[in-house]
>>> print(open('coords.txt').read())   # compact mmCIF, C-alpha atoms and all ligand atoms
# COMPACT_ATOMS: atom_id res chain seq x y z
CA MET R 1 -1.38 -0.30 -6.45
CA PRO R 2 -1.33 1.45 -3.09
CA GLU R 3 1.68 0.56 -0.96
CA ILE R 4 2.62 1.49 2.61
CA PRO R 5 3.18 5.28 2.12
CA ASP R 6 -0.11 5.62 0.20
CA LEU R 7 -2.12 3.69 2.79
CA GLU R 8 -0.48 5.50 5.69
CA ALA R 9 -1.52 8.81 4.10
CA VAL R 10 -5.13 7.59 3.70
CA ARG R 11 -5.13 6.38 7.31
CA HIS R 12 -3.71 9.64 8.68
CA TYR R 13 -6.15 11.67 6.58
CA LEU R 14 -9.32 9.75 7.42
CA MET R 15 -8.85 8.89 11.10
CA PRO R 16 -9.24 12.43 12.55
CA ARG R 17 -12.01 13.25 10.08
CA LEU R 18 -14.08 10.19 11.03
CA ALA R 19 -13.72 10.78 14.78
CA GLY R 20 -17.04 11.40 16.53
CA LEU R 21 -19.19 10.86 13.42
CA LYS R 22 -22.04 8.38 13.09
CA VAL R 23 -22.76 6.42 9.93
CA THR R 24 -26.12 7.47 8.51
CA ASN R 25 -26.25 5.60 5.21
CA THR R 26 -24.36 2.99 3.22
CA ASP R 27 -24.45 1.78 -0.35
CA ALA R 28 -22.49 -0.66 -2.49
CA PRO R 29 -23.02 0.14 -6.20
CA ILE R 30 -20.47 -2.62 -6.93
CA PRO R 31 -21.76 -5.13 -4.38
CA TRP R 32 -19.16 -7.88 -4.88
CA LEU R 33 -16.39 -5.61 -3.57
CA VAL R 34 -17.81 -6.35 -0.11
CA ARG R 35 -16.60 -9.93 0.13
CA THR R 36 -18.40 -10.66 3.38
CA GLY R 37 -21.71 -9.63 1.80
CA ALA R 38 -22.91 -6.16 0.76
CA ASP R 39 -26.17 -6.66 2.70
CA ALA R 40 -24.23 -6.46 5.97
CA LEU R 41 -22.98 -2.94 5.15
CA ALA R 42 -26.30 -1.49 6.33
CA SER R 43 -25.52 -2.82 9.82
CA LEU R 44 -22.90 -0.03 10.04
CA GLU R 45 -25.69 2.58 10.14
CA GLY R 46 -25.82 4.20 13.58
CA ARG R 47 -22.28 3.01 14.35
CA ALA R 48 -19.07 5.06 14.61
CA PHE R 49 -15.51 4.31 13.55
CA GLY R 50 -12.54 4.37 15.90
CA GLU R 51 -8.87 3.89 15.15
CA ILE R 52 -7.64 2.89 11.72
CA HIS R 53 -4.71 0.50 11.67
CA ARG R 54 -2.80 -1.01 8.77
CA LEU R 55 -1.15 -4.33 8.09
CA GLY R 56 0.62 -4.59 4.77
CA LYS R 57 -1.78 -3.41 2.10
CA PHE R 58 -4.88 -3.78 4.33
CA LEU R 59 -6.51 -0.93 6.23
CA ILE R 60 -8.28 -2.06 9.40
CA VAL R 61 -11.04 0.26 10.63
CA PHE R 62 -12.35 -0.36 14.15
CA VAL R 63 -16.16 -0.20 14.38
CA ASP R 64 -17.60 0.80 17.80
CA ASP R 65 -19.55 -2.47 18.06
CA THR R 66 -16.23 -4.41 18.15
CA ARG R 67 -16.34 -5.42 14.49
CA LEU R 68 -13.58 -4.59 12.02
CA LEU R 69 -13.94 -3.15 8.55
CA VAL R 70 -10.92 -4.40 6.59
CA ILE R 71 -10.15 -2.92 3.18
CA ASN R 72 -7.56 -3.96 0.59
CA PRO R 73 -7.77 -1.50 -2.35
CA MET R 74 -5.84 -3.86 -4.66
CA LEU R 75 -4.84 -2.35 -8.02
CA THR R 76 -7.08 0.66 -8.50
CA GLY R 77 -9.14 1.23 -5.36
CA ARG R 78 -9.23 4.87 -4.40
CA PHE R 79 -10.69 6.61 -1.33
CA HIS R 80 -12.55 9.91 -1.42
CA TRP R 81 -13.70 12.17 1.44
CA ILE R 82 -16.29 14.54 0.06
CA GLU R 83 -19.68 16.21 0.62
CA ALA R 84 -22.58 13.84 -0.02
CA THR R 85 -23.95 16.30 -2.59
CA ALA R 86 -20.74 16.26 -4.71
CA LYS R 87 -20.67 14.61 -8.13
CA LYS R 88 -20.08 10.85 -7.96
CA PRO R 89 -16.81 9.53 -9.41
CA GLY R 90 -16.75 6.84 -12.12
CA ARG R 91 -16.81 3.21 -10.98
CA LEU R 92 -18.13 4.14 -7.55
CA GLY R 93 -17.90 0.93 -5.53
CA VAL R 94 -18.84 1.60 -1.91
CA VAL R 95 -20.26 4.64 -0.07
CA VAL R 96 -20.40 5.28 3.68
CA GLY R 97 -22.25 8.49 4.62
CA PHE R 98 -21.92 10.35 7.94
CA ASP R 99 -24.08 12.64 10.07
CA ASN R 100 -22.04 15.74 9.16
CA GLY R 101 -22.98 15.47 5.49
CA MET R 102 -19.67 13.95 4.38
CA GLU R 103 -19.13 10.65 2.59
CA MET R 104 -16.26 8.21 2.49
CA ARG R 105 -16.40 6.90 -1.06
CA PHE R 106 -14.42 4.11 -2.65
CA SER R 107 -14.07 4.04 -6.41
CA ASP R 108 -12.36 1.24 -8.27
CA MET R 109 -11.67 1.29 -12.02
CA ARG R 110 -10.66 -2.38 -12.16
CA ARG R 111 -13.23 -3.39 -9.53
CA MET R 112 -10.79 -5.67 -7.73
CA GLY R 113 -10.85 -4.03 -4.28
CA ARG R 114 -11.77 -6.13 -1.29
CA TRP R 115 -13.86 -5.07 1.70
CA TYR R 116 -14.54 -7.35 4.65
CA LEU R 117 -16.73 -6.74 7.70
CA VAL R 118 -15.66 -9.25 10.35
CA PRO R 119 -15.79 -9.76 14.11
CA GLN R 120 -12.68 -8.66 15.99
CA ASP R 121 -11.52 -12.26 16.24
CA GLY R 122 -12.50 -12.97 12.64
CA LEU R 123 -9.45 -11.80 10.69
CA ALA R 124 -8.71 -15.41 9.79
CA GLU R 125 -11.84 -15.33 7.59
CA ILE R 126 -9.97 -13.03 5.23
CA PRO R 127 -8.23 -14.94 2.42
CA GLN R 128 -4.41 -14.74 2.62
CA TRP R 129 -4.54 -13.13 6.07
CA ALA R 130 -3.07 -16.17 7.80
CA THR R 131 -0.06 -16.24 5.48
CA LEU R 132 0.76 -12.50 5.57
CA GLY R 133 4.32 -11.80 6.62
CA PRO R 134 5.29 -9.10 9.13
CA ASP R 135 4.64 -5.52 8.07
CA ALA R 136 7.63 -3.82 6.43
CA MET R 137 7.42 -0.94 8.94
CA ALA R 138 7.36 -3.30 11.91
CA ILE R 139 9.90 -5.97 10.96
CA THR R 140 13.22 -5.75 12.83
CA GLU R 141 16.58 -5.97 11.07
CA GLU R 142 17.33 -9.39 12.58
CA GLU R 143 13.91 -10.75 11.60
CA PHE R 144 14.39 -9.39 8.08
CA LEU R 145 17.78 -11.10 7.76
CA GLY R 146 16.44 -14.30 9.27
CA ARG R 147 13.47 -14.52 6.92
CA LEU R 148 15.72 -13.75 3.91
CA LYS R 149 17.85 -16.83 4.64
CA ALA R 150 15.09 -19.12 3.33
CA ARG R 151 14.60 -17.13 0.11
CA ARG R 152 16.43 -18.06 -3.08
CA GLY R 153 14.54 -16.06 -5.70
CA GLN R 154 15.27 -12.67 -7.20
CA ILE R 155 15.39 -10.00 -4.52
CA LYS R 156 12.65 -7.83 -6.04
CA ALA R 157 10.27 -10.80 -6.12
CA THR R 158 11.10 -11.51 -2.48
CA LEU R 159 10.54 -7.91 -1.31
CA THR R 160 7.13 -7.82 -2.99
CA ASN R 161 6.08 -11.26 -1.74
CA GLN R 162 3.42 -10.53 0.89
CA GLU R 163 4.16 -13.81 2.67
CA PHE R 164 7.79 -12.79 3.12
CA MET R 165 6.87 -9.29 4.28
CA ALA R 166 3.69 -7.25 3.87
CA GLY R 167 3.22 -3.79 2.37
CA ILE R 168 5.84 -3.40 -0.40
CA GLY R 169 4.80 -3.51 -4.05
CA ASN R 170 6.24 -2.84 -7.47
CA ALA R 171 6.96 0.87 -7.05
CA TYR R 172 8.62 0.98 -3.65
CA SER R 173 10.66 -2.18 -4.23
CA ASP R 174 12.31 -0.37 -7.17
CA GLU R 175 12.99 2.65 -4.99
CA ILE R 176 14.40 0.57 -2.12
CA LEU R 177 16.70 -1.47 -4.39
CA TRP R 178 18.00 1.68 -6.09
CA GLU R 179 18.66 3.25 -2.68
CA ALA R 180 20.51 0.08 -1.62
CA GLY R 181 22.47 -0.18 -4.91
CA LEU R 182 21.20 -3.71 -5.55
CA HIS R 183 19.99 -4.98 -8.93
CA PRO R 184 16.36 -6.21 -8.75
CA HIS R 185 17.38 -9.60 -10.18
CA ARG R 186 20.14 -10.27 -7.63
CA ARG R 187 19.69 -13.40 -5.58
CA ARG R 188 20.18 -13.47 -1.84
CA ALA R 189 23.01 -16.01 -2.12
CA THR R 190 25.11 -13.47 -4.10
CA MET R 191 24.76 -10.80 -1.41
CA SER R 192 26.98 -10.19 1.59
CA GLU R 193 25.65 -9.58 5.06
CA ASP R 194 26.54 -5.90 4.56
CA ASP R 195 24.39 -5.88 1.40
CA LEU R 196 21.44 -7.30 3.33
CA ARG R 197 21.83 -4.90 6.25
CA GLY R 198 22.15 -2.08 3.72
CA LEU R 199 18.95 -3.26 2.08
CA TYR R 200 17.10 -3.10 5.39
CA ALA R 201 18.43 0.40 6.06
CA ALA R 202 17.43 1.50 2.54
CA MET R 203 13.92 0.14 3.09
CA ARG R 204 13.50 2.07 6.32
CA LYS R 205 14.87 5.27 4.77
CA VAL R 206 12.71 5.10 1.61
CA LEU R 207 9.53 4.24 3.50
CA GLU R 208 9.99 6.80 6.26
CA GLU R 209 10.80 9.60 3.83
CA SER R 210 7.99 8.64 1.46
CA ILE R 211 5.40 8.45 4.26
CA GLN R 212 6.27 12.05 5.19
CA ILE R 213 6.11 13.25 1.58
CA VAL R 214 2.84 11.51 0.66
CA ASP R 215 1.29 12.51 4.00
CA ALA R 216 2.09 16.18 3.36
CA THR R 217 0.70 15.98 -0.18
CA VAL R 218 -2.55 14.37 0.93
CA GLN R 219 -3.04 16.75 3.87
CA GLU R 220 -2.74 19.63 1.40
CA GLU R 221 -4.55 18.24 -1.64
CA GLY R 222 -7.02 15.78 -0.11
CA LEU R 223 -7.41 12.18 -1.23
CA GLY R 224 -8.43 12.80 -4.84
CA LYS R 225 -5.25 13.64 -6.75
CA LYS R 226 -3.49 10.33 -6.66
CA GLU R 227 -1.20 11.06 -9.61
CA GLU R 228 0.73 13.43 -7.32
CA TRP R 229 1.47 10.72 -4.78
CA ARG R 230 4.34 9.27 -6.80
CA GLN R 231 6.16 12.39 -7.97
CA HIS R 232 9.00 11.91 -5.47
CA LEU R 233 9.97 8.47 -6.81
CA LYS R 234 13.53 8.39 -8.15
CA VAL R 235 13.57 5.42 -10.55
CA HIS R 236 10.15 3.76 -10.70
CA ARG R 237 8.36 4.75 -13.94
CA ARG R 238 11.36 6.92 -14.89
CA LEU R 239 12.49 4.86 -17.91
CA GLY R 240 14.98 6.83 -20.02
CA GLU R 241 15.39 9.63 -17.49
CA PRO R 242 18.80 10.26 -15.88
CA CYS R 243 19.60 8.41 -12.66
CA PRO R 244 19.52 11.04 -9.87
CA ARG R 245 22.75 9.57 -8.45
CA CYS R 246 25.02 9.00 -11.48
CA GLY R 247 23.20 10.46 -14.50
CA SER R 248 23.01 7.19 -16.48
CA GLU R 249 19.80 6.36 -18.25
CA ILE R 250 17.23 4.51 -16.12
CA LYS R 251 16.48 1.07 -17.59
CA GLY R 252 13.20 -0.77 -17.51
CA GLN R 253 11.70 -4.20 -18.01
CA VAL R 254 8.05 -5.11 -18.16
CA ARG R 255 7.09 -8.53 -16.88
CA SER R 256 3.47 -9.68 -16.56
CA GLY R 257 2.24 -6.10 -16.80
CA SER R 258 4.39 -4.54 -14.10
CA GLU R 259 7.43 -2.43 -14.79
CA THR R 260 10.79 -2.75 -13.05
CA ASN R 261 13.15 0.21 -13.25
CA TYR R 262 16.78 0.44 -12.17
CA CYS R 263 20.17 2.00 -12.93
CA VAL R 264 22.73 -0.52 -14.27
CA VAL R 265 25.61 1.63 -13.03
CA CYS R 266 24.36 2.09 -9.45
CA GLN R 267 22.81 -1.39 -9.34
CA PRO R 268 25.19 -3.81 -11.11
CA LEU R 269 23.91 -7.38 -11.49
CA PHE R 270 27.32 -9.02 -11.01
CA GLU R 271 29.88 -8.08 -8.37
ZN ZN R 301 22.87 5.48 -11.29
>>> encode(input="coords.txt", output="structure tokens", more="lines below")
Ligand SMILES: [Zn+2]
Amino acid sequence: MPEIPDLEAVRHYLMPRLAGLKVTNTDAPIPWLVRTGADALASLEGRAFGEIHRLGKFLIVFVDDTRLLVINPMLTGRFHWIEATAKKPGRLGVVVGFDNGMEMRFSDMRRMGRWYLVPQDGLAEIPQWATLGPDAMAITEEEFLGRLKARRGQIKATLTNQEFMAGIGNAYSDEILWEAGLHPHRRRATMSEDDLRGLYAAMRKVLEESIQIVDATVQEEGLGKKEEWRQHLKVHRRLGEPCPRCGSEIKGQVRSGSETNYCVVCQPLFE
């Protein structure tokens, strides 16, 4: 599932490429991805896109008629920027074509992505929007500590809870907790204020570094080769490999389909 560094890379890649172009054609081969109605997609024809913003796992594309195109790729949504004549990918969900012969395509193996076309004051129409927490790149240290006070669950579950804070998922929560030296099952009550401040600092470090790395990869390779976007991760999906800090074997647990990885030496459960 795309998380903040992935979506930042998509945003930085697409925004300059879309500038000055007009939409010439639209199509939704998987119509239900467009939750506000695939029929309305055609109303983008003749329009242009402006800035692309992001909140949590949502990309927000400004349309020049004051509407917003809001996209949450969910588990397997993938963006493509390619000539209109190029071969279509499998599970092509939505296509937006432009007057320079390029297409922004969205493919989705699991077909769970969510597109919304709403008025600028219509974000509340989007399910879960009203309960989204602050973005992980925007939250201040004091706000982070303050919001954590009310949370009693396991720290990994809290970091990935979009109502607590938006934008972190399964992969980057593992990376942040490893960086902070905190076991994913630790509870906030067992952590000192230094632990919590260290967690915030680890989050900033991991996200900032990862945004740079994924950005550079995408600028060089384009949007297609997603498997390369996660090569810099240190513990997530590295079960059995040596911990880059201490050399111990990375452990893993799978719960409801998602894997949690950590180092028991660097991230002890009890202190
Ligand atoms: Zn270790």
>>> atom_distance(input="coords.txt", atom1="atom CA of R:Met74", atom2="atom CA of R:Glu241")
28.2 Å
>>> residues_near_point(input="coords.txt", point="(-12.7, 6.0, -1.5)", cutoff="10 Å", atoms="all atoms listed in the file", output="number ranges by chain")
R: 10, 73, 77-82, 89, 92-96, 103-108, 223-224
>>> residues_near_ligand(input="coords.txt", ligand="ligand ZN 301 (chain R)", cutoff="9 Å", atoms="only C-alpha atoms and all ligand atoms", output="list in words")
Trp178, Gly181, Pro242, Cys243, Pro244, Arg245, Cys246, Gly247, Ser248, Glu249, Ile250, Tyr262, Cys263, Val264, Val265, Cys266 and Gln267 of chain R
>>> write_last_selection(input="coords.txt", atoms="C-alpha atoms", output="mmCIF file, keeping the file's coordinate frame")
data_model
loop_
_atom_site.group_PDB
_atom_site.id
_atom_site.type_symbol
_atom_site.label_atom_id
_atom_site.label_comp_id
_atom_site.auth_asym_id
_atom_site.auth_seq_id
_atom_site.Cartn_x
_atom_site.Cartn_y
_atom_site.Cartn_z
ATOM 1 C CA TRP R 178 18.000 1.680 -6.090
ATOM 2 C CA GLY R 181 22.470 -0.180 -4.910
ATOM 3 C CA PRO R 242 18.800 10.260 -15.880
ATOM 4 C CA CYS R 243 19.600 8.410 -12.660
ATOM 5 C CA PRO R 244 19.520 11.040 -9.870
ATOM 6 C CA ARG R 245 22.750 9.570 -8.450
ATOM 7 C CA CYS R 246 25.020 9.000 -11.480
ATOM 8 C CA GLY R 247 23.200 10.460 -14.500
ATOM 9 C CA SER R 248 23.010 7.190 -16.480
ATOM 10 C CA GLU R 249 19.800 6.360 -18.250
ATOM 11 C CA ILE R 250 17.230 4.510 -16.120
ATOM 12 C CA TYR R 262 16.780 0.440 -12.170
ATOM 13 C CA CYS R 263 20.170 2.000 -12.930
ATOM 14 C CA VAL R 264 22.730 -0.520 -14.270
ATOM 15 C CA VAL R 265 25.610 1.630 -13.030
ATOM 16 C CA CYS R 266 24.360 2.090 -9.450
ATOM 17 C CA GLN R 267 22.810 -1.390 -9.340
#
>>> residues_around(input="coords.txt", residues="R:Asp64", least_positions_apart="6", cutoff="10 Å", atoms="all atoms listed in the file", output="MDAnalysis selection string")
chainID R and resid 22 44 46:51
>>> closest_residue(input="coords.txt", among="R:Glu208, R:Ile30, R:Leu145, R:Leu177", to="R:Ser192", atoms="only C-alpha atoms")
R:Leu145
>>> decode(input="coords.txt", residues="stretch 134-151 of chain R", atoms="C-alpha atoms", output="PDB file, in the first residue's frame")
ATOM      1  CA  PRO R 134      -3.047  15.301  11.024  1.00  0.00           C
ATOM      2  CA  ASP R 135      -0.584  14.319   8.311  1.00  0.00           C
ATOM      3  CA  ALA R 136       2.590  12.657   9.624  1.00  0.00           C
ATOM      4  CA  MET R 137       4.750  15.217   7.781  1.00  0.00           C
ATOM      5  CA  ALA R 138       2.819  18.149   9.230  1.00  0.00           C
ATOM      6  CA  ILE R 139       2.232  17.105  12.845  1.00  0.00           C
ATOM      7  CA  THR R 140       4.399  18.921  15.408  1.00  0.00           C
ATOM      8  CA  GLU R 141       6.264  17.096  18.165  1.00  0.00           C
ATOM      9  CA  GLU R 142       3.983  18.529  20.865  1.00  0.00           C
ATOM     10  CA  GLU R 143       0.837  17.585  18.944  1.00  0.00           C
ATOM     11  CA  PHE R 144       2.225  14.086  18.413  1.00  0.00           C
ATOM     12  CA  LEU R 145       2.910  13.678  22.141  1.00  0.00           C
ATOM     13  CA  GLY R 146      -0.455  15.151  23.042  1.00  0.00           C
ATOM     14  CA  ARG R 147      -2.410  12.848  20.753  1.00  0.00           C
ATOM     15  CA  LEU R 148      -0.430   9.819  22.000  1.00  0.00           C
ATOM     16  CA  LYS R 149      -1.598  10.448  25.577  1.00  0.00           C
ATOM     17  CA  ALA R 150      -5.081   9.152  24.732  1.00  0.00           C
ATOM     18  CA  ARG R 151      -3.785   5.973  23.054  1.00  0.00           C
TER      19      ARG R 151
END
